[in-house]
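Enquirer: Handing over input_4.cif, mmCIF, C-alpha atoms.
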data_structure
loop_
_atom_site.label_atom_id
_atom_site.label_comp_id
_atom_site.auth_asym_id
_atom_site.auth_seq_id
_atom_site.Cartn_x
_atom_site.Cartn_y
_atom_site.Cartn_z
CA MET A 1 -64.40 -108.66 -1.01
CA ILE A 2 -61.92 -107.08 -3.38
CA ALA A 3 -63.62 -109.11 -6.11
CA LEU A 4 -67.00 -107.58 -5.25
CA LEU A 5 -65.54 -104.06 -5.23
CA MET A 6 -63.80 -104.64 -8.56
CA ARG A 7 -66.97 -106.08 -10.07
CA ASP A 8 -69.08 -103.13 -8.95
CA LEU A 9 -66.53 -100.64 -10.24
CA ARG A 10 -66.24 -102.49 -13.55
CA LEU A 11 -70.02 -102.56 -13.91
CA ALA A 12 -70.22 -98.84 -13.18
CA PHE A 13 -67.63 -97.96 -15.79
CA ARG A 14 -68.99 -100.24 -18.53
CA ALA A 15 -71.66 -98.95 -20.90
CA GLY A 16 -74.89 -98.11 -19.11
CA GLY A 17 -73.25 -98.46 -15.71
CA GLY A 18 -74.30 -95.09 -14.38
CA PHE A 19 -70.85 -93.66 -13.80
CA GLY A 20 -70.90 -90.01 -14.83
CA LEU A 21 -74.61 -89.61 -14.20
CA GLY A 22 -74.10 -87.75 -10.92
CA LEU A 23 -71.07 -85.97 -12.25
CA ALA A 24 -72.94 -84.66 -15.29
CA PHE A 25 -75.80 -83.53 -13.06
CA PHE A 26 -73.40 -81.67 -10.75
CA LEU A 27 -71.75 -80.00 -13.72
CA ILE A 28 -75.04 -78.96 -15.31
CA LEU A 29 -76.29 -77.51 -12.03
CA ALA A 30 -73.17 -75.40 -11.51
CA VAL A 31 -73.34 -74.12 -15.07
CA LEU A 32 -77.07 -73.31 -14.93
CA VAL A 33 -77.14 -71.51 -11.57
CA PRO A 34 -75.16 -68.45 -12.76
CA LEU A 35 -77.45 -68.29 -15.80
CA GLY A 36 -80.53 -68.35 -13.62
CA VAL A 37 -79.32 -66.14 -10.75
CA GLY A 38 -77.42 -63.63 -12.81
CA PRO A 39 -73.72 -62.96 -13.18
CA GLU A 40 -73.12 -60.78 -10.08
CA PRO A 41 -70.00 -62.22 -8.41
CA GLN A 42 -71.06 -61.13 -4.89
CA ILE A 43 -74.38 -62.95 -5.03
CA LEU A 44 -72.86 -66.06 -6.59
CA ALA A 45 -70.00 -66.13 -4.09
CA ARG A 46 -72.56 -65.83 -1.28
CA ILE A 47 -74.66 -68.78 -2.47
CA ALA A 48 -71.85 -70.93 -3.92
CA PRO A 49 -71.25 -73.12 -0.81
CA GLY A 50 -74.94 -73.98 -0.52
CA ILE A 51 -75.38 -74.59 -4.25
CA LEU A 52 -72.34 -76.84 -4.45
CA TRP A 53 -73.43 -78.88 -1.46
CA VAL A 54 -77.04 -79.20 -2.62
CA GLY A 55 -75.74 -80.19 -6.05
CA ALA A 56 -73.44 -82.85 -4.61
CA LEU A 57 -76.27 -84.22 -2.48
CA LEU A 58 -78.75 -84.46 -5.35
CA ALA A 59 -76.09 -85.94 -7.64
CA CYS A 60 -75.52 -88.66 -5.03
CA LEU A 61 -79.24 -89.29 -4.76
CA LEU A 62 -79.55 -89.91 -8.52
CA SER A 63 -77.67 -93.19 -8.55
CA LEU A 64 -78.80 -94.62 -5.21
CA ASP A 65 -81.53 -96.88 -6.54
CA ARG A 66 -78.99 -98.73 -8.67
CA ILE A 67 -77.02 -99.96 -5.65
CA PHE A 68 -79.22 -102.98 -4.97
CA ALA A 69 -82.02 -102.86 -7.54
CA LEU A 70 -79.96 -104.26 -10.42
CA ASP A 71 -78.50 -107.03 -8.28
CA PHE A 72 -81.99 -107.82 -7.01
CA GLU A 73 -83.43 -108.07 -10.51
CA ASP A 74 -80.83 -110.44 -11.92
CA GLY A 75 -80.76 -112.61 -8.81
CA SER A 76 -77.20 -111.80 -7.73
CA LEU A 77 -78.46 -110.39 -4.44
CA ASP A 78 -79.94 -113.77 -3.45
CA LEU A 79 -76.70 -115.42 -4.44
CA LEU A 80 -74.62 -112.87 -2.54
CA ALA A 81 -76.78 -113.39 0.54
CA THR A 82 -76.01 -117.13 0.43
CA ALA A 83 -72.32 -116.59 -0.42
CA PRO A 84 -69.54 -116.87 2.18
CA VAL A 85 -69.15 -113.07 2.31
CA PRO A 86 -70.98 -111.59 5.32
CA LEU A 87 -73.86 -109.45 4.07
CA GLU A 88 -72.67 -106.56 6.28
CA ALA A 89 -69.35 -106.58 4.44
CA ALA A 90 -71.03 -106.84 1.05
CA VAL A 91 -73.20 -103.83 1.93
CA SER A 92 -70.15 -101.81 3.05
CA ILE A 93 -68.31 -102.71 -0.15
CA LYS A 94 -71.30 -101.62 -2.22
CA ALA A 95 -71.45 -98.30 -0.35
CA LEU A 96 -67.72 -97.88 -0.95
CA ALA A 97 -68.13 -98.64 -4.65
CA HIS A 98 -70.96 -96.07 -4.81
CA TRP A 99 -68.75 -93.47 -3.17
CA LEU A 100 -65.81 -94.22 -5.48
CA THR A 101 -67.99 -93.84 -8.58
CA THR A 102 -70.15 -90.93 -7.37
CA GLY A 103 -68.79 -89.12 -4.32
CA LEU A 104 -65.10 -89.10 -5.16
CA PRO A 105 -65.51 -87.65 -8.69
CA LEU A 106 -67.72 -84.91 -7.17
CA VAL A 107 -65.01 -84.07 -4.64
CA LEU A 108 -62.39 -83.90 -7.37
CA ILE A 109 -64.39 -81.73 -9.77
CA SER A 110 -65.84 -79.39 -7.13
CA PRO A 111 -62.96 -76.82 -7.25
CA VAL A 112 -63.57 -76.29 -10.97
CA LEU A 113 -67.25 -75.69 -10.32
CA GLY A 114 -66.35 -73.39 -7.42
CA LEU A 115 -64.54 -71.29 -9.97
CA LEU A 116 -67.72 -71.00 -12.06
CA LEU A 117 -69.58 -69.75 -8.98
CA PHE A 118 -66.94 -67.22 -7.88
CA LEU A 119 -66.20 -69.13 -4.69
CA PRO A 120 -63.71 -67.06 -2.64
CA GLY A 121 -60.14 -68.37 -2.67
CA GLU A 122 -59.93 -69.36 1.00
CA ALA A 123 -62.96 -71.62 0.68
CA TYR A 124 -61.53 -74.10 -1.86
CA VAL A 125 -59.63 -76.15 0.70
CA TRP A 126 -62.72 -76.35 2.91
CA LEU A 127 -64.93 -77.23 -0.05
CA ILE A 128 -62.74 -80.24 -0.84
CA VAL A 129 -62.29 -81.22 2.81
CA SER A 130 -66.00 -80.95 3.62
CA LEU A 131 -67.08 -82.90 0.53
CA ALA A 132 -64.41 -85.55 1.14
CA LEU A 133 -65.64 -85.95 4.73
CA GLY A 134 -69.34 -85.64 4.01
CA THR A 135 -69.98 -87.58 0.80
CA PRO A 136 -69.11 -90.99 2.35
CA ALA A 137 -72.03 -90.41 4.74
CA LEU A 138 -74.28 -89.69 1.74
CA SER A 139 -73.28 -93.03 0.16
CA VAL A 140 -73.70 -95.03 3.37
CA ILE A 141 -77.05 -93.46 4.28
CA GLY A 142 -78.15 -93.90 0.67
CA THR A 143 -77.19 -97.57 0.75
CA PHE A 144 -79.39 -97.97 3.80
CA GLY A 145 -82.28 -96.32 1.93
CA ALA A 146 -81.65 -98.52 -1.09
CA ALA A 147 -81.69 -101.61 1.13
CA LEU A 148 -85.02 -100.52 2.62
CA THR A 149 -86.66 -100.07 -0.77
CA VAL A 150 -85.09 -102.97 -2.68
CA GLY A 151 -87.71 -105.14 -4.34
CA LEU A 152 -90.25 -102.33 -4.55
CA LYS A 153 -91.24 -101.52 -8.10
CA ARG A 154 -90.24 -97.94 -8.83
CA GLY A 155 -89.12 -97.38 -5.27
CA GLY A 156 -87.12 -94.32 -6.33
CA LEU A 157 -89.58 -91.80 -4.95
CA LEU A 158 -89.89 -93.57 -1.63
CA LEU A 159 -86.12 -93.89 -1.52
CA SER A 160 -85.68 -90.12 -1.95
CA LEU A 161 -88.31 -89.39 0.69
CA LEU A 162 -86.64 -91.74 3.16
CA VAL A 163 -83.11 -90.60 2.52
CA LEU A 164 -83.45 -86.83 2.16
CA PRO A 165 -84.28 -86.11 5.83
CA LEU A 166 -81.27 -88.19 6.84
CA TYR A 167 -79.10 -86.15 4.47
CA ILE A 168 -80.03 -82.80 6.01
CA PRO A 169 -77.50 -82.73 8.89
CA THR A 170 -74.67 -83.55 6.48
CA LEU A 171 -75.87 -80.82 4.12
CA VAL A 172 -76.21 -78.22 6.87
CA PHE A 173 -72.81 -78.82 8.42
CA GLY A 174 -71.05 -79.37 5.07
CA ALA A 175 -72.31 -76.09 3.61
CA GLU A 176 -71.56 -74.35 6.91
CA VAL A 177 -67.93 -75.45 6.75
CA VAL A 178 -67.56 -73.95 3.28
CA SER A 179 -69.43 -70.72 4.13
CA ARG A 180 -67.32 -70.16 7.22
CA GLY A 181 -64.19 -71.00 5.26
CA ALA A 182 -65.18 -68.41 2.65
CA MET A 183 -65.60 -65.76 5.35
CA GLY A 184 -62.32 -66.70 7.02
CA LEU A 185 -64.01 -67.89 10.23
CA ALA A 186 -63.11 -70.94 12.34
CA VAL A 187 -64.59 -74.12 10.87
CA ASP A 188 -63.78 -76.56 13.72
CA THR A 189 -67.29 -77.06 15.06
CA PRO A 190 -69.20 -77.80 11.83
CA LEU A 191 -66.26 -79.84 10.56
CA ALA A 192 -66.22 -81.98 13.70
CA LEU A 193 -69.99 -82.49 13.50
CA LEU A 194 -69.74 -83.39 9.79
CA ALA A 195 -67.00 -85.93 10.49
CA GLY A 196 -68.99 -87.25 13.44
CA ILE A 197 -72.07 -87.90 11.29
CA THR A 198 -69.96 -89.74 8.73
CA ALA A 199 -68.19 -91.81 11.38
CA GLY A 200 -71.49 -92.73 13.02
CA ALA A 201 -73.15 -93.61 9.72
CA VAL A 202 -70.21 -95.75 8.57
CA ALA A 203 -70.11 -97.57 11.91
CA ILE A 204 -73.82 -98.33 12.35
CA LEU A 205 -75.66 -98.28 9.03
CA PRO A 206 -74.01 -101.28 7.29
CA PHE A 207 -75.43 -103.52 10.02
CA ALA A 208 -78.87 -101.93 9.71
CA SER A 209 -78.71 -102.20 5.90
CA ALA A 210 -77.73 -105.88 5.99
CA HIS A 211 -80.56 -106.57 8.41
CA VAL A 212 -83.28 -104.91 6.32
CA LEU A 213 -81.83 -106.53 3.19
CA ARG A 214 -82.27 -109.98 4.78
CA ILE A 215 -85.87 -109.10 5.61
CA ASN A 216 -86.53 -107.80 2.09
CA LEU A 217 -85.11 -110.94 0.49
CA ARG A 218 -87.56 -113.25 2.28
CA MET B 1 -97.17 -123.04 2.69
CA LEU B 2 -96.06 -126.52 3.66
CA GLU B 3 -96.42 -128.58 6.82
CA GLY B 4 -95.46 -132.00 8.09
CA LEU B 5 -92.63 -132.16 5.60
CA SER B 6 -89.44 -133.99 6.42
CA PHE B 7 -86.66 -135.35 4.25
CA THR B 8 -83.06 -136.48 4.47
CA VAL B 9 -80.48 -136.41 1.73
CA THR B 10 -77.34 -138.47 2.23
CA PRO B 11 -73.97 -137.72 0.58
CA GLY B 12 -74.01 -138.91 -2.99
CA ALA B 13 -77.80 -138.75 -3.25
CA ALA B 14 -80.16 -136.43 -5.07
CA LEU B 15 -83.71 -135.42 -4.25
CA VAL B 16 -86.10 -134.13 -6.88
CA LEU B 17 -89.05 -132.02 -5.70
CA ARG B 18 -92.23 -132.27 -7.70
CA GLY B 19 -95.57 -130.56 -7.48
CA PRO B 20 -97.82 -128.14 -9.33
CA ASN B 21 -96.93 -124.45 -9.71
CA GLY B 22 -97.30 -122.52 -6.48
CA CYS B 23 -97.19 -125.58 -4.24
CA GLY B 24 -94.15 -124.30 -2.35
CA LYS B 25 -91.10 -125.73 -4.12
CA THR B 26 -89.30 -122.39 -4.33
CA THR B 27 -90.33 -121.50 -0.78
CA LEU B 28 -88.90 -124.78 0.47
CA LEU B 29 -85.64 -124.34 -1.44
CA ARG B 30 -85.20 -120.74 -0.27
CA THR B 31 -85.81 -121.87 3.30
CA VAL B 32 -83.24 -124.64 2.95
CA ALA B 33 -80.77 -122.14 1.47
CA GLY B 34 -81.27 -119.88 4.49
CA LEU B 35 -82.85 -116.99 2.60
CA GLN B 36 -86.00 -117.10 4.65
CA PRO B 37 -86.72 -118.57 8.07
CA ALA B 38 -89.09 -121.50 8.53
CA LEU B 39 -92.17 -120.76 10.66
CA SER B 40 -91.42 -123.95 12.55
CA GLY B 41 -89.15 -126.93 12.19
CA LYS B 42 -85.45 -127.06 11.55
CA ILE B 43 -82.87 -127.66 8.90
CA ASP B 44 -79.86 -129.78 9.80
CA CYS B 45 -77.50 -128.42 7.22
CA ALA B 46 -74.88 -125.74 7.68
CA PRO B 47 -75.73 -122.75 5.47
CA ASP B 48 -72.11 -122.60 4.34
CA ALA B 49 -72.39 -126.06 2.76
CA ILE B 50 -75.12 -124.93 0.38
CA ALA B 51 -74.81 -123.51 -3.10
CA TYR B 52 -78.13 -122.04 -4.18
CA ALA B 53 -79.23 -121.46 -7.76
CA ALA B 54 -82.55 -119.83 -8.51
CA HIS B 55 -84.62 -118.88 -11.56
CA ALA B 56 -82.38 -115.85 -12.11
CA ASP B 57 -78.74 -116.70 -12.64
CA GLY B 58 -77.18 -113.55 -11.20
CA ILE B 59 -75.37 -112.84 -14.45
CA LYS B 60 -74.17 -109.33 -15.21
CA ALA B 61 -74.96 -108.49 -18.83
CA THR B 62 -72.01 -106.16 -19.41
CA LEU B 63 -69.38 -108.56 -18.06
CA THR B 64 -67.98 -111.41 -20.13
CA VAL B 65 -68.70 -115.05 -19.34
CA ALA B 66 -65.22 -115.50 -17.84
CA GLU B 67 -65.50 -112.31 -15.77
CA ASN B 68 -68.87 -113.39 -14.39
CA LEU B 69 -67.53 -116.78 -13.44
CA ARG B 70 -64.24 -115.47 -12.07
CA PHE B 71 -66.16 -113.11 -9.79
CA TRP B 72 -68.16 -115.93 -8.20
CA ALA B 73 -65.05 -118.09 -7.98
CA ALA B 74 -63.30 -115.28 -6.07
CA ILE B 75 -66.30 -114.82 -3.77
CA TYR B 76 -66.29 -118.52 -2.91
CA GLY B 77 -62.52 -118.60 -2.59
CA THR B 78 -61.94 -121.02 -5.45
CA ILE B 79 -59.71 -119.87 -8.24
CA ARG B 80 -60.09 -122.37 -11.09
CA ILE B 81 -62.87 -121.70 -13.56
CA ASP B 82 -61.45 -123.75 -16.44
CA THR B 83 -63.09 -127.05 -15.51
CA ALA B 84 -66.47 -125.42 -15.12
CA LEU B 85 -66.15 -123.63 -18.48
CA GLU B 86 -65.06 -126.89 -20.11
CA GLN B 87 -67.79 -129.05 -18.64
CA MET B 88 -70.60 -126.64 -19.36
CA ASN B 89 -69.32 -126.28 -22.91
CA LEU B 90 -68.70 -122.54 -22.52
CA ARG B 91 -65.03 -122.49 -23.52
CA GLY B 92 -65.73 -120.86 -26.89
CA LEU B 93 -67.95 -118.21 -25.27
CA ALA B 94 -65.58 -117.25 -22.45
CA GLU B 95 -64.77 -113.79 -23.79
CA ARG B 96 -68.26 -112.95 -24.98
CA ALA B 97 -70.33 -110.38 -23.07
CA ALA B 98 -73.11 -112.14 -21.18
CA GLN B 99 -75.76 -109.92 -22.77
CA ASN B 100 -75.05 -111.62 -26.11
CA LEU B 101 -75.75 -115.10 -24.80
CA SER B 102 -78.91 -117.01 -25.55
CA ALA B 103 -81.21 -118.00 -22.68
CA GLY B 104 -79.85 -121.54 -22.67
CA GLN B 105 -76.24 -120.37 -22.69
CA LYS B 106 -76.98 -118.05 -19.75
CA ARG B 107 -78.47 -120.98 -17.92
CA ARG B 108 -75.32 -123.01 -18.57
CA LEU B 109 -73.25 -120.14 -17.18
CA GLY B 110 -75.51 -120.11 -14.12
CA LEU B 111 -74.87 -123.81 -13.64
CA ALA B 112 -71.14 -123.36 -14.19
CA ARG B 113 -71.30 -120.94 -11.25
CA LEU B 114 -72.47 -123.82 -9.07
CA MET B 115 -69.39 -125.79 -9.98
CA VAL B 116 -67.00 -123.01 -8.95
CA THR B 117 -68.65 -122.63 -5.54
CA GLY B 118 -67.02 -125.89 -4.43
CA ARG B 119 -69.89 -126.48 -2.00
CA PRO B 120 -71.25 -129.98 -1.31
CA VAL B 121 -75.00 -129.30 -1.25
CA TRP B 122 -76.57 -127.96 -4.41
CA VAL B 123 -80.03 -126.44 -4.00
CA LEU B 124 -81.43 -125.91 -7.48
CA ASP B 125 -84.68 -124.25 -8.47
CA GLU B 126 -85.78 -125.29 -11.96
CA PRO B 127 -82.20 -125.83 -13.18
CA THR B 128 -83.20 -127.03 -16.63
CA VAL B 129 -85.47 -124.18 -17.73
CA SER B 130 -84.58 -123.04 -21.27
CA LEU B 131 -81.97 -125.79 -21.74
CA ASP B 132 -82.12 -127.96 -24.87
CA THR B 133 -81.93 -131.75 -24.60
CA ALA B 134 -78.17 -131.82 -25.18
CA SER B 135 -77.61 -129.27 -22.43
CA VAL B 136 -79.92 -131.12 -20.06
CA ALA B 137 -77.80 -134.22 -20.64
CA LEU B 138 -74.71 -132.13 -19.97
CA PHE B 139 -76.27 -130.87 -16.77
CA VAL B 140 -77.28 -134.36 -15.64
CA ASP B 141 -73.69 -135.52 -16.24
CA VAL B 142 -72.37 -132.70 -14.08
CA VAL B 143 -74.86 -133.47 -11.31
CA ARG B 144 -73.95 -137.17 -11.47
CA GLN B 145 -70.27 -136.27 -11.21
CA HIS B 146 -71.02 -134.01 -8.25
CA LEU B 147 -72.91 -136.83 -6.53
CA ALA B 148 -70.11 -139.29 -7.27
CA GLY B 149 -67.74 -136.91 -5.51
CA GLY B 150 -69.86 -137.17 -2.35
CA GLY B 151 -71.99 -134.12 -3.12
CA MET B 152 -75.73 -133.77 -2.63
CA ALA B 153 -78.41 -132.10 -4.70
CA VAL B 154 -81.97 -130.96 -4.00
CA MET B 155 -83.76 -129.91 -7.17
CA ALA B 156 -87.18 -128.65 -8.09
CA THR B 157 -88.05 -129.55 -11.64
CA HIS B 158 -90.99 -130.39 -13.86
CA ILE B 159 -89.21 -132.47 -16.47
CA ASP B 160 -87.83 -135.97 -16.25
CA LEU B 161 -84.08 -135.52 -15.89
CA GLY B 162 -83.13 -139.08 -16.68
CA LEU B 163 -81.54 -139.36 -13.27
CA PRO B 164 -83.08 -142.67 -12.10
CA GLU B 165 -81.09 -142.78 -8.87
CA ALA B 166 -82.70 -139.54 -7.66
CA GLU B 167 -85.40 -139.84 -5.05
CA ILE B 168 -88.65 -138.04 -5.88
CA LEU B 169 -90.69 -136.09 -3.34
CA ASP B 170 -94.14 -134.83 -4.29
CA LEU B 171 -94.82 -131.64 -2.31
CA SER B 172 -98.54 -131.40 -3.02
CA ARG B 173 -99.17 -133.90 -0.19
CA PHE B 174 -97.74 -131.50 2.37
CA LYS B 175 -99.83 -128.47 1.51
CA ALA B 176 -100.58 -126.51 4.67
CA ARG B 177 -104.29 -125.94 5.30
CA LEU B 178 -105.79 -122.93 7.01
CA PRO B 179 -108.02 -123.82 9.93
CA GLU B 180 -111.64 -124.06 8.74
CA PRO B 181 -113.48 -120.84 9.64
CA GLY B 182 -116.34 -122.33 11.71
CA TYR B 183 -119.47 -120.25 12.32
CA GLY B 184 -119.11 -120.87 16.06
CA ASN B 185 -116.31 -118.33 16.08
CA PHE B 186 -118.74 -115.49 15.49
CA ASP B 187 -120.47 -116.12 18.82
CA GLU B 188 -117.14 -115.99 20.55
CA ALA B 189 -116.41 -112.65 18.91
CA PHE B 190 -119.41 -111.09 20.66
CA LEU B 191 -118.64 -112.49 24.09
#
Here is a file; write its structure as structure tokens.
Expert:
Amino acid sequence: MIALLMRDLRLAFRAGGGFGLGLAFFLILAVLVPLGVGPEPQILARIAPGILWVGALLACLLSLDRIFALDFEDGSLDLLATAPVPLEAAVSIKALAHWLTTGLPLVLISPVLGLLLFLPGEAYVWLIVSLALGTPALSVIGTFGAALTVGLKRGGLLLSLLVLPLYIPTLVFGAEVVSRGAMGLAVDTPLALLAGITAGAVAILPFASAHVLRINLR
Amino acid sequence: MLEGLSFTVTPGAALVLRGPNGCGKTTLLRTVAGLQPALSGKIDCAPDAIAYAAHADGIKATLTVAENLRFWAAIYGTIRIDTALEQMNLRGLAERAAQNLSAGQKRRLGLARLMVTGRPVWVLDEPTVSLDTASVALFVDVVRQHLAGGGMAVMATHIDLGLPEAEILDLSRFKARLPEPGYGNFDEAFL
């Protein structure tokens, strides 16, 4: 299990591994938005929570098709499915590796990008908390989408179409937490719902992903 | 694909599957390995006794030979990769990135993976593709050693391995046939 996690992380960090893809996208988005919208701090501060959350979501989406496609192409997925590791565990580990290489860097860099978008001071804590709670759901839901579309040639479009609707609740509640935080309002309700979605996704989707993966490998 | 097929492999024995392309060798091997269910019939072999090796070797191009092998060894809970490296003549390539290997060397790495699984039943799909004669001999030696240790092997291959003790099963005899579409059926459709 640890071996699988270490291998996936090592692959992501080696040349051509895709680490930094989402991060670069997130960075570019946050730099371009003020250029496109204009430099008024009030407007930027108003839209910052939404922009940051949409950016994080799309950055996550970018690297989803790599989760299983590469392993499928070189045959490792067949071998993993016949290995002594339960496929459910392998799927969870792969989702975790995706989060560590995509979600976690986004969480860590988000305060810097908040600065670029004039995010009000009180909102920074909630930006980090909401992304830290919400991005694992993005990785787990994305892994499910990747499992559904593995083996399809150029399944990226289908993957996005399948996954985006499932991402919407996380986006809505995540951005709501940050907006409310910025206005100094109570954030309990959206935060609880955000955490609930993540908990539910982490608990159920690895089993669903492993199941569809077995069907797709036939 | 196939019907009426039945075979038994005893410990220490090897079975070689023969047949033209598309006759169902890969399908049979994937079914035996538990990757796809059989429409009917059963397989009396625990899935956790089987080590499966397919056309693709599951090698990661950016990892070195030793890293690739160590990963599979860790997954299967065996630690030693030295013997496998030695026997597949990969010792000198251990620190080379897998993307710089030739097709035959990759194949040898794929076969070395089998050795680190420590599983008794090897299910091999075209194991000798892209191997030169020396490497095929190397491979046959390893298989023979595996059999001598009480292991079993089921292989699909087109070439003569020089493994006279292996039993040969020609799959083309077991080709499943679709029921003939008789014209009588049309009448029934209108009833």
Enquirer: To one decimal place in Å, what is the distance between CA of Leu85 in chain B and CA of Leu69 in chain B?
Expert: 8.6 Å
Enquirer: Can you tell me how far CA of Ile204 in chain A sits from CA of Leu131 in chain A, in Å to one decimal?
Expert: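 The value is 20.6 Å.
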Enquirer: Counting only C-alpha atoms, which residues of chain A come no farther than 10 Å from chain B, as a VMD selection string?
Expert: chain A and resid 1 to 4 6 to 7 10 to 17 70 to 85 214 to 218
Enquirer: By how many Å are CA of Thr198 in chain A and CA of Phe144 in chain A apart?
Expert: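 Pair CA of Thr198 in chain A / CA of Phe144 in chain A returns 13.5 Å.
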Enquirer: Using all atoms listed in the file, which residues sit within 7 Å of range 4-18 of chain B once same-chain residues fewer than 2 positions away are excluded, as JSON, numbers by chain?
Expert: {"B": [2, 25, 147, 148, 150, 151, 152, 153, 154, 155, 156, 157, 158, 166, 167, 168, 169, 170, 171, 174]}
Enquirer: Determine the residue membership of the PyMOL selection byres ((chain A and resi 95-110) around 9) for the file above and supply it as a compact mmCIF listing (two decimals) with C-alpha atoms, in the coordinates of the input.
Expert:
# COMPACT_ATOMS: atom_id res chain seq x y z
CA LEU A 5 -65.54 -104.06 -5.23
CA MET A 6 -63.80 -104.64 -8.56
CA ASP A 8 -69.08 -103.13 -8.95
CA LEU A 9 -66.53 -100.64 -10.24
CA ALA A 12 -70.22 -98.84 -13.18
CA PHE A 13 -67.63 -97.96 -15.79
CA GLY A 18 -74.30 -95.09 -14.38
CA PHE A 19 -70.85 -93.66 -13.80
CA GLY A 20 -70.90 -90.01 -14.83
CA LEU A 21 -74.61 -89.61 -14.20
CA GLY A 22 -74.10 -87.75 -10.92
CA LEU A 23 -71.07 -85.97 -12.25
CA PHE A 26 -73.40 -81.67 -10.75
CA LEU A 27 -71.75 -80.00 -13.72
CA LEU A 52 -72.34 -76.84 -4.45
CA ALA A 56 -73.44 -82.85 -4.61
CA ALA A 59 -76.09 -85.94 -7.64
CA CYS A 60 -75.52 -88.66 -5.03
CA SER A 63 -77.67 -93.19 -8.55
CA LEU A 64 -78.80 -94.62 -5.21
CA ILE A 67 -77.02 -99.96 -5.65
CA ALA A 90 -71.03 -106.84 1.05
CA VAL A 91 -73.20 -103.83 1.93
CA SER A 92 -70.15 -101.81 3.05
CA ILE A 93 -68.31 -102.71 -0.15
CA LYS A 94 -71.30 -101.62 -2.22
CA PRO A 111 -62.96 -76.82 -7.25
CA VAL A 112 -63.57 -76.29 -10.97
CA LEU A 113 -67.25 -75.69 -10.32
CA GLY A 114 -66.35 -73.39 -7.42
CA LEU A 115 -64.54 -71.29 -9.97
CA TYR A 124 -61.53 -74.10 -1.86
CA LEU A 127 -64.93 -77.23 -0.05
CA ILE A 128 -62.74 -80.24 -0.84
CA VAL A 129 -62.29 -81.22 2.81
CA SER A 130 -66.00 -80.95 3.62
CA LEU A 131 -67.08 -82.90 0.53
CA ALA A 132 -64.41 -85.55 1.14
CA THR A 135 -69.98 -87.58 0.80
CA PRO A 136 -69.11 -90.99 2.35
CA LEU A 138 -74.28 -89.69 1.74
CA SER A 139 -73.28 -93.03 0.16
CA VAL A 140 -73.70 -95.03 3.37
CA ILE A 141 -77.05 -93.46 4.28
CA GLY A 142 -78.15 -93.90 0.67
CA THR A 143 -77.19 -97.57 0.75
CA PHE A 144 -79.39 -97.97 3.80
CA PRO A 206 -74.01 -101.28 7.29
Enquirer: Under the rule that all atoms listed in the file are counted, which of A:Ala69, A:Met183, A:Ala45, A:Ala30 is the nearest residue to Lys153 in chain A?
Expert: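 Under the stated criterion, the closest residue is A:Ala69.
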Enquirer: Skipping near chain neighbours, those fewer than 5 positions away, what residues fall within 12 Å of Leu185 in chain A using only C-alpha atoms, listed as a list in words?
Expert: Glu122, Ala123, Trp126, Glu176, Val177, Val178, Ser179, Arg180 and Pro190 of chain A
Enquirer: Please return, as a ChimeraX atom specification, all polymer residues that have at least one atom within 9 Å of the point (-76.9, -137.6, -12.7); use all atoms listed in the file and the file's own coordinate frame.
Expert: /B:14,137,139-148,161-166
Enquirer: How would the residues just chosen look if you wrote them out with C-alpha atoms as a tab-separated table (two decimals), in the frame of the given file?
Expert:
chain	number	residue	atom	x	y	z
B	14	ALA	CA	-80.16	-136.43	-5.07
B	137	ALA	CA	-77.80	-134.22	-20.64
B	139	PHE	CA	-76.27	-130.87	-16.77
B	140	VAL	CA	-77.28	-134.36	-15.64
B	141	ASP	CA	-73.69	-135.52	-16.24
B	142	VAL	CA	-72.37	-132.70	-14.08
B	143	VAL	CA	-74.86	-133.47	-11.31
B	144	ARG	CA	-73.95	-137.17	-11.47
B	145	GLN	CA	-70.27	-136.27	-11.21
B	146	HIS	CA	-71.02	-134.01	-8.25
B	147	LEU	CA	-72.91	-136.83	-6.53
B	148	ALA	CA	-70.11	-139.29	-7.27
B	161	LEU	CA	-84.08	-135.52	-15.89
B	162	GLY	CA	-83.13	-139.08	-16.68
B	163	LEU	CA	-81.54	-139.36	-13.27
B	164	PRO	CA	-83.08	-142.67	-12.10
B	165	GLU	CA	-81.09	-142.78	-8.87
B	166	ALA	CA	-82.70	-139.54	-7.66
Enquirer: Ala84 in chain B: which residues within 7 Å, counting only C-alpha atoms, same-chain residues fewer than 3 positions away excluded, as a count of residues only?
Expert: 6
Enquirer: Contacts of Ala147 in chain A at 7 Å or less, counting only C-alpha atoms, minus same-chain residues fewer than 4 places along, as a list in words?
Expert: Phe68, Thr143, Ser209, Val212 and Leu213 of chain A
Enquirer: Which is closer to Thr78 in chain B than all the others in B:Ala176, B:Val121, B:Leu28, B:Leu114, using all atoms listed in the file?
Expert: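 Looking at the shortest contact to Thr78 in chain B, the residue is B:Leu114.
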Enquirer: Could you spell out the hits of the PyMOL selection byres ((chain B and resi 93) around 12) on the shown file, as JSON, numbers by chain?
Expert: {"B": [64, 65, 66, 67, 68, 69, 85, 86, 88, 89, 90, 91, 92, 94, 95, 96, 97, 98, 99, 100, 101, 102, 105, 106, 108, 109]}
Enquirer: From the options A:Gly184, A:Gly36, A:Gly156, A:Pro86, which residue's atoms come nearest to Pro120 in chain A, counting all atoms listed in the file?
Expert: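 Closest candidate: A:Gly184.
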Enquirer: Which of these, B:Leu138, B:Ile79, B:Glu126, B:Ala103, has the shortest distance to Ile159 in chain B once you count only C-alpha atoms?
Expert: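 Closest to Ile159 in chain B, using only C-alpha atoms: B:Glu126.
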Enquirer: Would you mind telling me which residue in A:Leu61, A:Ala175, A:Leu159, A:Ala137 lies nearest to Ala203 in chain A when using only C-alpha atoms?
Expert: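 Comparing A:Leu61, A:Ala175, A:Leu159, A:Ala137 against Ala203 in chain A, the winner is A:Ala137.
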